[in-house]
Structures are given as structure tokens and as C-alpha cells.
Amino acid sequence: MSVVKINVLTVPQEQRETLEKRFASRAHAVESSDGFEWFELLRPVEGTDDYLVYTRWRDEASFQAWMEGPMKAAHQGGGDAGSGERPKPAASGSTVWSFEVVQQAAPTGA
């Protein structure tokens, strides 16, 4: 059964562009991971500073393997070229929500 992980990132207005650029620079970093099914970065439109990072995985084990491998390596990477420092986080807070997919639907042909 597929699992969905939604990382809720609280991102102040002045850091939104930074967050989006960082995700864009890592585009396609997750797609080749075993068990990966879907990714979306959702920008808030009104009423909140929370971005949602939606990922869907074949199972919990696939997600955990990615967290302990490629994800961990990406977050331990360096910051500015040559400085050896990690960049300041764009988000001021983070929470992960976990779900199991119990129903799904796809568009039907006309």
C-alpha cells in the first residue's frame, strides 16, 4: 500500500524565493529512488506561510531508505562554494505528516 509523506514547512514571506530556488536546484533528485511514486511542492496562496512538500512512496521502507540515503546526504551537503558553511534554512519550522493511501482515482477518458 502506498504511503504519503507531507512535509509542512513554515516559510516566512522573505524566504519563499530562496526555498523555491533550492528545490529547483535539486529537481529530479528523488525521482530515481526505489519506491518513489510522486512529488509536488505546494506554495501557499492565502492565509498561511506553510508550504507543503508532498511525496508518495510504494511503502514505508522505500521512504525510510531514501531518508537515510539520498535525503540525508543532500541535507548534509555544503553551503556556498568554497565557504564550507551550510546555508541558513529557508523554513522556520517543519512537521512531517504521514498517511496511507486507502482510495485513489484517476481521470477517465471521454
# chains A, B, ... in the order shown; residues from 1 in each chain; ligands from 1

$ residues_around --residues "range 41-45 of chain A" --least-positions-apart "4" --cutoff "10 Å" --atoms "only C-alpha atoms" --output "number ranges by chain"
A: 6-8, 11, 16, 20, 23-24, 49-55

$ write_last_selection --atoms "C-alpha atoms" --output "PDB file, in the first residue's frame"
ATOM      1  CA  ILE A   6       3.762  15.669   3.600  1.00  0.00           C
ATOM      2  CA  ASN A   7       6.483  17.890   4.993  1.00  0.00           C
ATOM      3  CA  VAL A   8       4.864  21.100   6.263  1.00  0.00           C
ATOM      4  CA  VAL A  11       8.458  29.750   5.341  1.00  0.00           C
ATOM      5  CA  ARG A  16       9.889  31.919  -0.227  1.00  0.00           C
ATOM      6  CA  GLU A  20      11.738  27.510  -4.232  1.00  0.00           C
ATOM      7  CA  PHE A  23      14.014  22.851  -4.528  1.00  0.00           C
ATOM      8  CA  ALA A  24      14.508  23.757  -8.204  1.00  0.00           C
ATOM      9  CA  ASP A  49       3.089  30.670   5.455  1.00  0.00           C
ATOM     10  CA  ASP A  50       3.170  26.858   5.202  1.00  0.00           C
ATOM     11  CA  TYR A  51       4.493  25.175   2.071  1.00  0.00           C
ATOM     12  CA  LEU A  52       3.591  21.515   1.602  1.00  0.00           C
ATOM     13  CA  VAL A  53       6.145  19.086   0.205  1.00  0.00           C
ATOM     14  CA  TYR A  54       4.083  16.109  -0.993  1.00  0.00           C
ATOM     15  CA  THR A  55       5.804  12.808  -1.712  1.00  0.00           C
TER      16      THR A  55
END

$ select_by_dssp --residues "chain A" --states "strand (DSSP E)" --output "number ranges by chain"
A: 3-10, 36-42, 50-57, 93-100

$ write_last_selection --atoms "N, CA and C atoms" --output "PDB file, in the first residue's frame"
ATOM      1  N   VAL A   3       2.318   4.995   0.598  1.00  0.00           N
ATOM      2  CA  VAL A   3       2.282   5.928   1.708  1.00  0.00           C
ATOM      3  C   VAL A   3       2.587   7.325   1.187  1.00  0.00           C
ATOM      4  N   VAL A   4       2.002   8.317   1.846  1.00  0.00           N
ATOM      5  CA  VAL A   4       2.214   9.716   1.502  1.00  0.00           C
ATOM      6  C   VAL A   4       2.880  10.389   2.689  1.00  0.00           C
ATOM      7  N   LYS A   5       3.906  11.174   2.398  1.00  0.00           N
ATOM      8  CA  LYS A   5       4.588  11.981   3.401  1.00  0.00           C
ATOM      9  C   LYS A   5       4.441  13.436   2.979  1.00  0.00           C
ATOM     10  N   ILE A   6       3.912  14.242   3.870  1.00  0.00           N
ATOM     11  CA  ILE A   6       3.762  15.669   3.600  1.00  0.00           C
ATOM     12  C   ILE A   6       4.599  16.417   4.622  1.00  0.00           C
ATOM     13  N   ASN A   7       5.637  17.083   4.130  1.00  0.00           N
ATOM     14  CA  ASN A   7       6.483  17.890   4.993  1.00  0.00           C
ATOM     15  C   ASN A   7       5.904  19.302   4.975  1.00  0.00           C
ATOM     16  N   VAL A   8       5.449  19.767   6.125  1.00  0.00           N
ATOM     17  CA  VAL A   8       4.864  21.100   6.263  1.00  0.00           C
ATOM     18  C   VAL A   8       5.988  22.046   6.677  1.00  0.00           C
ATOM     19  N   LEU A   9       6.354  22.959   5.780  1.00  0.00           N
ATOM     20  CA  LEU A   9       7.446  23.893   6.022  1.00  0.00           C
ATOM     21  C   LEU A   9       6.900  25.301   6.233  1.00  0.00           C
ATOM     22  N   THR A  10       7.144  25.866   7.385  1.00  0.00           N
ATOM     23  CA  THR A  10       6.756  27.250   7.642  1.00  0.00           C
ATOM     24  C   THR A  10       7.856  28.142   7.080  1.00  0.00           C
ATOM     25  N   PHE A  36       9.878   5.416  -5.147  1.00  0.00           N
ATOM     26  CA  PHE A  36       9.315   6.758  -5.302  1.00  0.00           C
ATOM     27  C   PHE A  36       8.172   6.734  -6.312  1.00  0.00           C
ATOM     28  N   GLU A  37       7.080   7.429  -6.007  1.00  0.00           N
ATOM     29  CA  GLU A  37       5.933   7.486  -6.909  1.00  0.00           C
ATOM     30  C   GLU A  37       5.549   8.900  -7.347  1.00  0.00           C
ATOM     31  N   TRP A  38       5.687   9.912  -6.471  1.00  0.00           N
ATOM     32  CA  TRP A  38       5.188  11.250  -6.823  1.00  0.00           C
ATOM     33  C   TRP A  38       5.804  12.312  -5.926  1.00  0.00           C
ATOM     34  N   PHE A  39       5.974  13.529  -6.472  1.00  0.00           N
ATOM     35  CA  PHE A  39       6.458  14.688  -5.714  1.00  0.00           C
ATOM     36  C   PHE A  39       5.716  15.929  -6.180  1.00  0.00           C
ATOM     37  N   GLU A  40       5.380  16.803  -5.231  1.00  0.00           N
ATOM     38  CA  GLU A  40       4.864  18.140  -5.536  1.00  0.00           C
ATOM     39  C   GLU A  40       5.309  19.095  -4.438  1.00  0.00           C
ATOM     40  N   LEU A  41       5.722  20.302  -4.837  1.00  0.00           N
ATOM     41  CA  LEU A  41       5.979  21.389  -3.898  1.00  0.00           C
ATOM     42  C   LEU A  41       4.803  22.341  -4.042  1.00  0.00           C
ATOM     43  N   LEU A  42       4.052  22.536  -2.955  1.00  0.00           N
ATOM     44  CA  LEU A  42       2.842  23.354  -2.990  1.00  0.00           C
ATOM     45  C   LEU A  42       3.079  24.677  -2.271  1.00  0.00           C
ATOM     46  N   ASP A  50       2.744  28.252   5.297  1.00  0.00           N
ATOM     47  CA  ASP A  50       3.170  26.858   5.202  1.00  0.00           C
ATOM     48  C   ASP A  50       3.176  26.349   3.759  1.00  0.00           C
ATOM     49  N   TYR A  51       4.351  25.913   3.316  1.00  0.00           N
ATOM     50  CA  TYR A  51       4.493  25.175   2.071  1.00  0.00           C
ATOM     51  C   TYR A  51       4.263  23.703   2.397  1.00  0.00           C
ATOM     52  N   LEU A  52       3.748  22.956   1.434  1.00  0.00           N
ATOM     53  CA  LEU A  52       3.591  21.515   1.602  1.00  0.00           C
ATOM     54  C   LEU A  52       4.485  20.817   0.579  1.00  0.00           C
ATOM     55  N   VAL A  53       5.313  19.911   1.069  1.00  0.00           N
ATOM     56  CA  VAL A  53       6.145  19.086   0.205  1.00  0.00           C
ATOM     57  C   VAL A  53       5.514  17.697   0.215  1.00  0.00           C
ATOM     58  N   TYR A  54       4.852  17.351  -0.883  1.00  0.00           N
ATOM     59  CA  TYR A  54       4.083  16.109  -0.993  1.00  0.00           C
ATOM     60  C   TYR A  54       4.924  15.062  -1.705  1.00  0.00           C
ATOM     61  N   THR A  55       5.161  13.938  -1.048  1.00  0.00           N
ATOM     62  CA  THR A  55       5.804  12.808  -1.712  1.00  0.00           C
ATOM     63  C   THR A  55       4.983  11.559  -1.466  1.00  0.00           C
ATOM     64  N   ARG A  56       4.976  10.690  -2.474  1.00  0.00           N
ATOM     65  CA  ARG A  56       4.249   9.425  -2.371  1.00  0.00           C
ATOM     66  C   ARG A  56       5.239   8.305  -2.662  1.00  0.00           C
ATOM     67  N   TRP A  57       5.153   7.245  -1.852  1.00  0.00           N
ATOM     68  CA  TRP A  57       6.104   6.138  -1.907  1.00  0.00           C
ATOM     69  C   TRP A  57       5.374   4.803  -1.968  1.00  0.00           C
ATOM     70  N   GLY A  93      10.258  26.324  10.488  1.00  0.00           N
ATOM     71  CA  GLY A  93       9.704  25.170  11.193  1.00  0.00           C
ATOM     72  C   GLY A  93       9.342  24.088  10.203  1.00  0.00           C
ATOM     73  N   SER A  94       9.250  22.857  10.697  1.00  0.00           N
ATOM     74  CA  SER A  94       8.948  21.725   9.828  1.00  0.00           C
ATOM     75  C   SER A  94       8.244  20.634  10.619  1.00  0.00           C
ATOM     76  N   THR A  95       7.208  20.062  10.020  1.00  0.00           N
ATOM     77  CA  THR A  95       6.463  18.936  10.588  1.00  0.00           C
ATOM     78  C   THR A  95       6.189  17.955   9.454  1.00  0.00           C
ATOM     79  N   VAL A  96       6.314  16.659   9.726  1.00  0.00           N
ATOM     80  CA  VAL A  96       6.004  15.661   8.710  1.00  0.00           C
ATOM     81  C   VAL A  96       4.712  14.950   9.078  1.00  0.00           C
ATOM     82  N   TRP A  97       3.782  14.936   8.119  1.00  0.00           N
ATOM     83  CA  TRP A  97       2.523  14.195   8.258  1.00  0.00           C
ATOM     84  C   TRP A  97       2.656  12.912   7.461  1.00  0.00           C
ATOM     85  N   SER A  98       2.142  11.811   7.980  1.00  0.00           N
ATOM     86  CA  SER A  98       2.206  10.519   7.296  1.00  0.00           C
ATOM     87  C   SER A  98       0.806   9.962   7.089  1.00  0.00           C
ATOM     88  N   PHE A  99       0.582   9.403   5.889  1.00  0.00           N
ATOM     89  CA  PHE A  99      -0.719   8.849   5.532  1.00  0.00           C
ATOM     90  C   PHE A  99      -0.534   7.567   4.741  1.00  0.00           C
ATOM     91  N   GLU A 100      -1.522   6.681   4.802  1.00  0.00           N
ATOM     92  CA  GLU A 100      -1.612   5.536   3.910  1.00  0.00           C
ATOM     93  C   GLU A 100      -2.689   5.845   2.883  1.00  0.00           C
TER      94      GLU A 100
END

$ select_by_dssp --residues "chain A" --states "alpha helix (DSSP H)" --output "PyMOL selection string"
chain A and resi 16-25+60-66+72-75

$ atom_distance --atom1 "CA of Trp66 in chain A" --atom2 "CA of His28 in chain A"
13.5 Å

$ closest_residue --among "A:Pro107, A:Gly47, A:Pro87, A:Gly35" --to "Ser62 in chain A" --atoms "only C-alpha atoms"
A:Gly35
